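Here the structure comes first, spelled out in structure tokens, and everything after it is commentary.
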Amino acid sequence: MFKEFFLSPFHYEFMRNALLSCFCLSLGCGPVGVFLILRRMSLMGDALSHAILPGAAIGYMIAGLSLPALSLGGFIAGLLVALLAGLVSRTTLLKEDASFAGFFLIALALGVFIISMGKSSIDLMNILFGSALAVNHQTLLLMGTITTFTLSTLAIIYRALVAECFDPQFFGRVHGHGTFYHILFLMLVVLNLVSGFQSMGTLLSLGMMMLPATAAQFWTRKIWPMGAIAVLIGLVSGYSGLLVSYHMNYPTGPSIVLIAGLIYIFSLLFGAKGSIRHYITNRVKQS
């Protein structure tokens, strides 16, 4: 019974591919999500996840469901929105979050408009919500490459990112390259969102980045353990979501993100650091 429920679904190649894609997403998106939260850029991550849509739509209109076209188009569009929003915030009175909000709404509407002009609503749903069970070896190779590049880059710029997270003004005065690291980090965010939308779609790819990272904050305050816990939560969410999807015939992407959401709620209620349980315990001790 145990083997039939937990292992037998992965006798199929499409389930193994989906599981490997979830593992790649967890390894890359978990640490990036932690730094997004530490840099107070969570909503900007949401904006970037929508910003890749017009680029993917243009790639789709030109080459159909071509992985290189979708990925390159999404990456260029996401990075362009990030750079434009940063430029506007630095040259006008508009704050960066408001600038991101404006550009991502334009990008989202433009992407839906481009797809709707020439293709069916089924094609639009595939791009918006993805299909983890349709991941092939080419997609896995791309996701693995992005994950490897992400982890290698984070290892190299880790100290600079941490310094900029907690005291960006001091880091800017001492090091003088804050803008470079900021742009490089935004590029990592866009790359991992592009990786995620292959299997989760543009609307759900952020879930694998933000929910595990947010939940991890309720278990530790140290950055490396936080990243490791975020990766672990992503792995558990991906594996459990695939099992639920297979046995209950539920959509795969939403199942994975909902499992991650349940883990987040559990962490919010019972986590060791800053959870509701922790708050109640402290209030009882004080009284």
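Each chain in the structure tokens gets a letter, A, B and so on, in the order shown; residues start at 1 in every chain, and ligands are counted from 1 in the order they appear.
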Pull the closest atom pair for each residue of region 181-252 of chain A that gets at most 12 Å from region 54-62 of chain A, along with the distance in Å to one decimal, counting only C-alpha atoms, ordering rows by chain and then ascending residue number, as JSON lines.
{"residue": "A:Val190", "atom": "CA", "partner": "A:Gly55", "partner_atom": "CA", "distance": 11.9}
{"residue": "A:Leu193", "atom": "CA", "partner": "A:Ala56", "partner_atom": "CA", "distance": 11.7}
{"residue": "A:Val194", "atom": "CA", "partner": "A:Ala56", "partner_atom": "CA", "distance": 9.0}
{"residue": "A:Ser195", "atom": "CA", "partner": "A:Ala56", "partner_atom": "CA", "distance": 11.9}
{"residue": "A:Phe197", "atom": "CA", "partner": "A:Ala56", "partner_atom": "CA", "distance": 9.6}
{"residue": "A:Gln198", "atom": "CA", "partner": "A:Ala56", "partner_atom": "CA", "distance": 10.3}
{"residue": "A:Gly201", "atom": "CA", "partner": "A:Ala56", "partner_atom": "CA", "distance": 10.6}
{"residue": "A:Thr202", "atom": "CA", "partner": "A:Ala56", "partner_atom": "CA", "distance": 9.3}
Could you please take those selected residues and save C-alpha atoms as a PDB file, in the first residue's frame?
ATOM      1  CA  VAL A 190      13.802  36.694 -13.690  1.00  0.00           C
ATOM      2  CA  LEU A 193      10.693  32.777 -12.884  1.00  0.00           C
ATOM      3  CA  VAL A 194      11.366  31.881 -16.516  1.00  0.00           C
ATOM      4  CA  SER A 195      12.443  28.427 -15.340  1.00  0.00           C
ATOM      5  CA  PHE A 197       6.807  29.170 -15.888  1.00  0.00           C
ATOM      6  CA  GLN A 198       7.779  26.187 -18.061  1.00  0.00           C
ATOM      7  CA  GLY A 201       2.958  28.973 -15.673  1.00  0.00           C
ATOM      8  CA  THR A 202       3.526  32.685 -15.254  1.00  0.00           C
TER       9      THR A 202
END
Query raised in the report: Quick one: residues within 7 Å of region 218-220 of chain A, only C-alpha atoms counted, chain neighbours fewer than 6 positions away excluded, as number ranges by chain?
Result: A: 226, 267-268, 271-275
Query - Shell around Gly253 (chain A) at 9 Å using only C-alpha atoms, local window under 3 positions removed, as a list in words - result: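 Listed by chain and then number, they are Phe129, Gly130, Ser131, Ala132, Ser199, Met200, Gly201, Leu204, Ser205, Gly238, Gly241, Leu242, Ser245, Ile256, Val257 and Leu258 of chain A.
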Report task. Write out as number ranges by chain each polymer residue whose atoms come within 10 Å of Lys95 (chain A), counting only C-alpha atoms; drop sequence neighbours fewer than 5 positions from it. Result -> A: 85-86, 88-90, 100
Report task. May I have the residues within 10 Å of Ala216 (chain A) as a PyMOL selection string, using only C-alpha atoms and disregarding those fewer than 4 positions away in the same chain? Result -> chain A and resi 30+34+210-212+220-221+223+225-233+263-264+267-268+271+273
Take the residues from that selection and write them out as a PDB file, in the first residue's frame, keeping N, CA and C atoms.
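After the write, again_37.pdb holds the following:
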ATOM      1  N   GLY A  30      14.191  28.643  -3.883  1.00  0.00           N
ATOM      2  CA  GLY A  30      14.190  28.794  -2.430  1.00  0.00           C
ATOM      3  C   GLY A  30      15.142  29.872  -1.935  1.00  0.00           C
ATOM      4  N   VAL A  34      14.302  33.736  -0.425  1.00  0.00           N
ATOM      5  CA  VAL A  34      14.758  34.229   0.882  1.00  0.00           C
ATOM      6  C   VAL A  34      15.343  35.630   0.752  1.00  0.00           C
ATOM      7  N   MET A 210       8.176  32.154  -3.312  1.00  0.00           N
ATOM      8  CA  MET A 210       7.861  32.963  -2.147  1.00  0.00           C
ATOM      9  C   MET A 210       7.298  32.158  -0.966  1.00  0.00           C
ATOM     10  N   LEU A 211       6.427  31.200  -1.223  1.00  0.00           N
ATOM     11  CA  LEU A 211       5.797  30.491  -0.107  1.00  0.00           C
ATOM     12  C   LEU A 211       6.805  29.692   0.731  1.00  0.00           C
ATOM     13  N   PRO A 212       7.696  28.888   0.127  1.00  0.00           N
ATOM     14  CA  PRO A 212       8.695  28.203   0.965  1.00  0.00           C
ATOM     15  C   PRO A 212       9.618  29.162   1.696  1.00  0.00           C
ATOM     16  N   THR A 220      13.727  29.822  11.505  1.00  0.00           N
ATOM     17  CA  THR A 220      15.098  30.250  11.819  1.00  0.00           C
ATOM     18  C   THR A 220      15.279  31.697  11.401  1.00  0.00           C
ATOM     19  N   ARG A 221      16.305  32.359  12.001  1.00  0.00           N
ATOM     20  CA  ARG A 221      16.647  33.719  11.614  1.00  0.00           C
ATOM     21  C   ARG A 221      18.014  33.793  10.940  1.00  0.00           C
ATOM     22  N   ILE A 223      20.490  33.047   7.748  1.00  0.00           N
ATOM     23  CA  ILE A 223      20.198  33.081   6.320  1.00  0.00           C
ATOM     24  C   ILE A 223      20.423  31.729   5.653  1.00  0.00           C
ATOM     25  N   PRO A 225      20.563  28.553   6.956  1.00  0.00           N
ATOM     26  CA  PRO A 225      19.513  27.600   7.330  1.00  0.00           C
ATOM     27  C   PRO A 225      18.139  27.969   6.753  1.00  0.00           C
ATOM     28  N   MET A 226      17.859  29.273   6.659  1.00  0.00           N
ATOM     29  CA  MET A 226      16.593  29.704   6.085  1.00  0.00           C
ATOM     30  C   MET A 226      16.479  29.257   4.628  1.00  0.00           C
ATOM     31  N   GLY A 227      17.575  29.419   3.885  1.00  0.00           N
ATOM     32  CA  GLY A 227      17.575  28.967   2.495  1.00  0.00           C
ATOM     33  C   GLY A 227      17.413  27.464   2.388  1.00  0.00           C
ATOM     34  N   ALA A 228      18.088  26.721   3.279  1.00  0.00           N
ATOM     35  CA  ALA A 228      17.992  25.257   3.256  1.00  0.00           C
ATOM     36  C   ALA A 228      16.575  24.795   3.578  1.00  0.00           C
ATOM     37  N   ILE A 229      15.950  25.431   4.561  1.00  0.00           N
ATOM     38  CA  ILE A 229      14.572  25.075   4.915  1.00  0.00           C
ATOM     39  C   ILE A 229      13.624  25.410   3.771  1.00  0.00           C
ATOM     40  N   ALA A 230      13.851  26.547   3.109  1.00  0.00           N
ATOM     41  CA  ALA A 230      13.017  26.919   1.963  1.00  0.00           C
ATOM     42  C   ALA A 230      13.126  25.873   0.853  1.00  0.00           C
ATOM     43  N   VAL A 231      14.345  25.395   0.610  1.00  0.00           N
ATOM     44  CA  VAL A 231      14.542  24.347  -0.395  1.00  0.00           C
ATOM     45  C   VAL A 231      13.804  23.083   0.021  1.00  0.00           C
ATOM     46  N   LEU A 232      13.916  22.700   1.287  1.00  0.00           N
ATOM     47  CA  LEU A 232      13.255  21.491   1.776  1.00  0.00           C
ATOM     48  C   LEU A 232      11.731  21.599   1.647  1.00  0.00           C
ATOM     49  N   ILE A 233      11.184  22.750   2.001  1.00  0.00           N
ATOM     50  CA  ILE A 233       9.732  22.948   1.880  1.00  0.00           C
ATOM     51  C   ILE A 233       9.311  22.867   0.414  1.00  0.00           C
ATOM     52  N   ILE A 263       1.825  24.451   4.184  1.00  0.00           N
ATOM     53  CA  ILE A 263       3.040  24.449   5.016  1.00  0.00           C
ATOM     54  C   ILE A 263       3.301  25.849   5.558  1.00  0.00           C
ATOM     55  N   TYR A 264       3.062  26.859   4.735  1.00  0.00           N
ATOM     56  CA  TYR A 264       3.214  28.242   5.196  1.00  0.00           C
ATOM     57  C   TYR A 264       2.267  28.542   6.355  1.00  0.00           C
ATOM     58  N   SER A 267       3.459  26.844   9.455  1.00  0.00           N
ATOM     59  CA  SER A 267       4.616  27.560  10.000  1.00  0.00           C
ATOM     60  C   SER A 267       4.190  28.846  10.682  1.00  0.00           C
ATOM     61  N   LEU A 268       3.234  29.536  10.085  1.00  0.00           N
ATOM     62  CA  LEU A 268       2.705  30.766  10.669  1.00  0.00           C
ATOM     63  C   LEU A 268       2.093  30.513  12.040  1.00  0.00           C
ATOM     64  N   GLY A 271       5.408  27.790  14.037  1.00  0.00           N
ATOM     65  CA  GLY A 271       6.842  27.915  13.854  1.00  0.00           C
ATOM     66  C   GLY A 271       7.578  28.336  15.110  1.00  0.00           C
ATOM     67  N   LYS A 273      10.005  30.608  15.395  1.00  0.00           N
ATOM     68  CA  LYS A 273      10.460  31.999  15.429  1.00  0.00           C
ATOM     69  C   LYS A 273       9.365  32.933  14.902  1.00  0.00           C
TER      70      LYS A 273
END
Might you pull out every residue within 9 Å of Ala109 (chain A), with only C-alpha atoms counted and same-chain residues fewer than 5 positions away left off, and present them as a tab-separated table (two decimals) with C-alpha atoms, in the first residue's frame?
chain	number	residue	atom	x	y	z
A	53	LEU	CA	4.34	37.20	-20.07
A	54	PRO	CA	4.59	39.57	-23.07
A	104	PHE	CA	3.87	44.87	-14.57
A	114	ILE	CA	-0.80	39.48	-27.84
Query raised in the report: Could you pull the residues within 10 Å of region 6-16 of chain A, counting only C-alpha atoms, minus those fewer than 4 positions along the same chain, as a VMD selection string?
Result: chain A and resid 1 to 2 20 to 22 132 to 137 239 to 240 242 to 243 246 to 247
Write a file of the just-selected residues containing N, CA and C atoms, as a PDB file, in the first residue's frame.
ATOM      1  N   MET A   1       0.840  -1.210   0.000  1.00  0.00           N
ATOM      2  CA  MET A   1       0.000   0.000   0.000  1.00  0.00           C
ATOM      3  C   MET A   1       0.875   1.261   0.000  1.00  0.00           C
ATOM      4  N   PHE A   2       1.894   1.271   0.855  1.00  0.00           N
ATOM      5  CA  PHE A   2       2.804   2.427   0.922  1.00  0.00           C
ATOM      6  C   PHE A   2       3.500   2.621  -0.421  1.00  0.00           C
ATOM      7  N   LEU A  20      11.525  15.947 -11.079  1.00  0.00           N
ATOM      8  CA  LEU A  20      12.834  16.572 -11.264  1.00  0.00           C
ATOM      9  C   LEU A  20      12.692  18.077 -11.499  1.00  0.00           C
ATOM     10  N   SER A  21      11.660  18.486 -12.226  1.00  0.00           N
ATOM     11  CA  SER A  21      11.447  19.923 -12.445  1.00  0.00           C
ATOM     12  C   SER A  21      11.131  20.629 -11.131  1.00  0.00           C
ATOM     13  N   CYS A  22      10.357  19.987 -10.270  1.00  0.00           N
ATOM     14  CA  CYS A  22      10.057  20.574  -8.958  1.00  0.00           C
ATOM     15  C   CYS A  22      11.321  20.677  -8.107  1.00  0.00           C
ATOM     16  N   ALA A 132       3.095  20.976 -15.461  1.00  0.00           N
ATOM     17  CA  ALA A 132       4.260  20.280 -14.919  1.00  0.00           C
ATOM     18  C   ALA A 132       4.406  18.883 -15.501  1.00  0.00           C
ATOM     19  N   LEU A 133       3.282  18.266 -15.880  1.00  0.00           N
ATOM     20  CA  LEU A 133       3.327  16.903 -16.397  1.00  0.00           C
ATOM     21  C   LEU A 133       3.778  16.847 -17.854  1.00  0.00           C
ATOM     22  N   ALA A 134       3.927  18.023 -18.486  1.00  0.00           N
ATOM     23  CA  ALA A 134       4.373  18.063 -19.878  1.00  0.00           C
ATOM     24  C   ALA A 134       5.858  18.414 -20.000  1.00  0.00           C
ATOM     25  N   VAL A 135       6.564  18.460 -18.879  1.00  0.00           N
ATOM     26  CA  VAL A 135       7.987  18.798 -18.897  1.00  0.00           C
ATOM     27  C   VAL A 135       8.771  17.690 -19.600  1.00  0.00           C
ATOM     28  N   ASN A 136       9.632  18.082 -20.542  1.00  0.00           N
ATOM     29  CA  ASN A 136      10.442  17.104 -21.274  1.00  0.00           C
ATOM     30  C   ASN A 136      11.918  17.258 -20.909  1.00  0.00           C
ATOM     31  N   HIS A 137      12.768  16.489 -21.556  1.00  0.00           N
ATOM     32  CA  HIS A 137      14.199  16.498 -21.221  1.00  0.00           C
ATOM     33  C   HIS A 137      14.851  17.835 -21.566  1.00  0.00           C
ATOM     34  N   TYR A 239       6.820  17.191  -4.304  1.00  0.00           N
ATOM     35  CA  TYR A 239       6.546  15.752  -4.248  1.00  0.00           C
ATOM     36  C   TYR A 239       5.101  15.490  -3.813  1.00  0.00           C
ATOM     37  N   SER A 240       4.658  16.163  -2.756  1.00  0.00           N
ATOM     38  CA  SER A 240       3.304  15.946  -2.244  1.00  0.00           C
ATOM     39  C   SER A 240       2.254  16.420  -3.251  1.00  0.00           C
ATOM     40  N   LEU A 242       2.498  16.536  -6.490  1.00  0.00           N
ATOM     41  CA  LEU A 242       2.406  15.586  -7.597  1.00  0.00           C
ATOM     42  C   LEU A 242       1.599  14.353  -7.198  1.00  0.00           C
ATOM     43  N   LEU A 243       1.801  13.871  -5.971  1.00  0.00           N
ATOM     44  CA  LEU A 243       1.027  12.717  -5.503  1.00  0.00           C
ATOM     45  C   LEU A 243      -0.469  13.051  -5.440  1.00  0.00           C
ATOM     46  N   TYR A 246      -1.843  13.261  -8.939  1.00  0.00           N
ATOM     47  CA  TYR A 246      -1.956  11.963  -9.601  1.00  0.00           C
ATOM     48  C   TYR A 246      -3.129  11.148  -9.055  1.00  0.00           C
ATOM     49  N   HIS A 247      -3.229  11.039  -7.737  1.00  0.00           N
ATOM     50  CA  HIS A 247      -4.241  10.167  -7.135  1.00  0.00           C
ATOM     51  C   HIS A 247      -5.634  10.791  -7.115  1.00  0.00           C
TER      52      HIS A 247
END
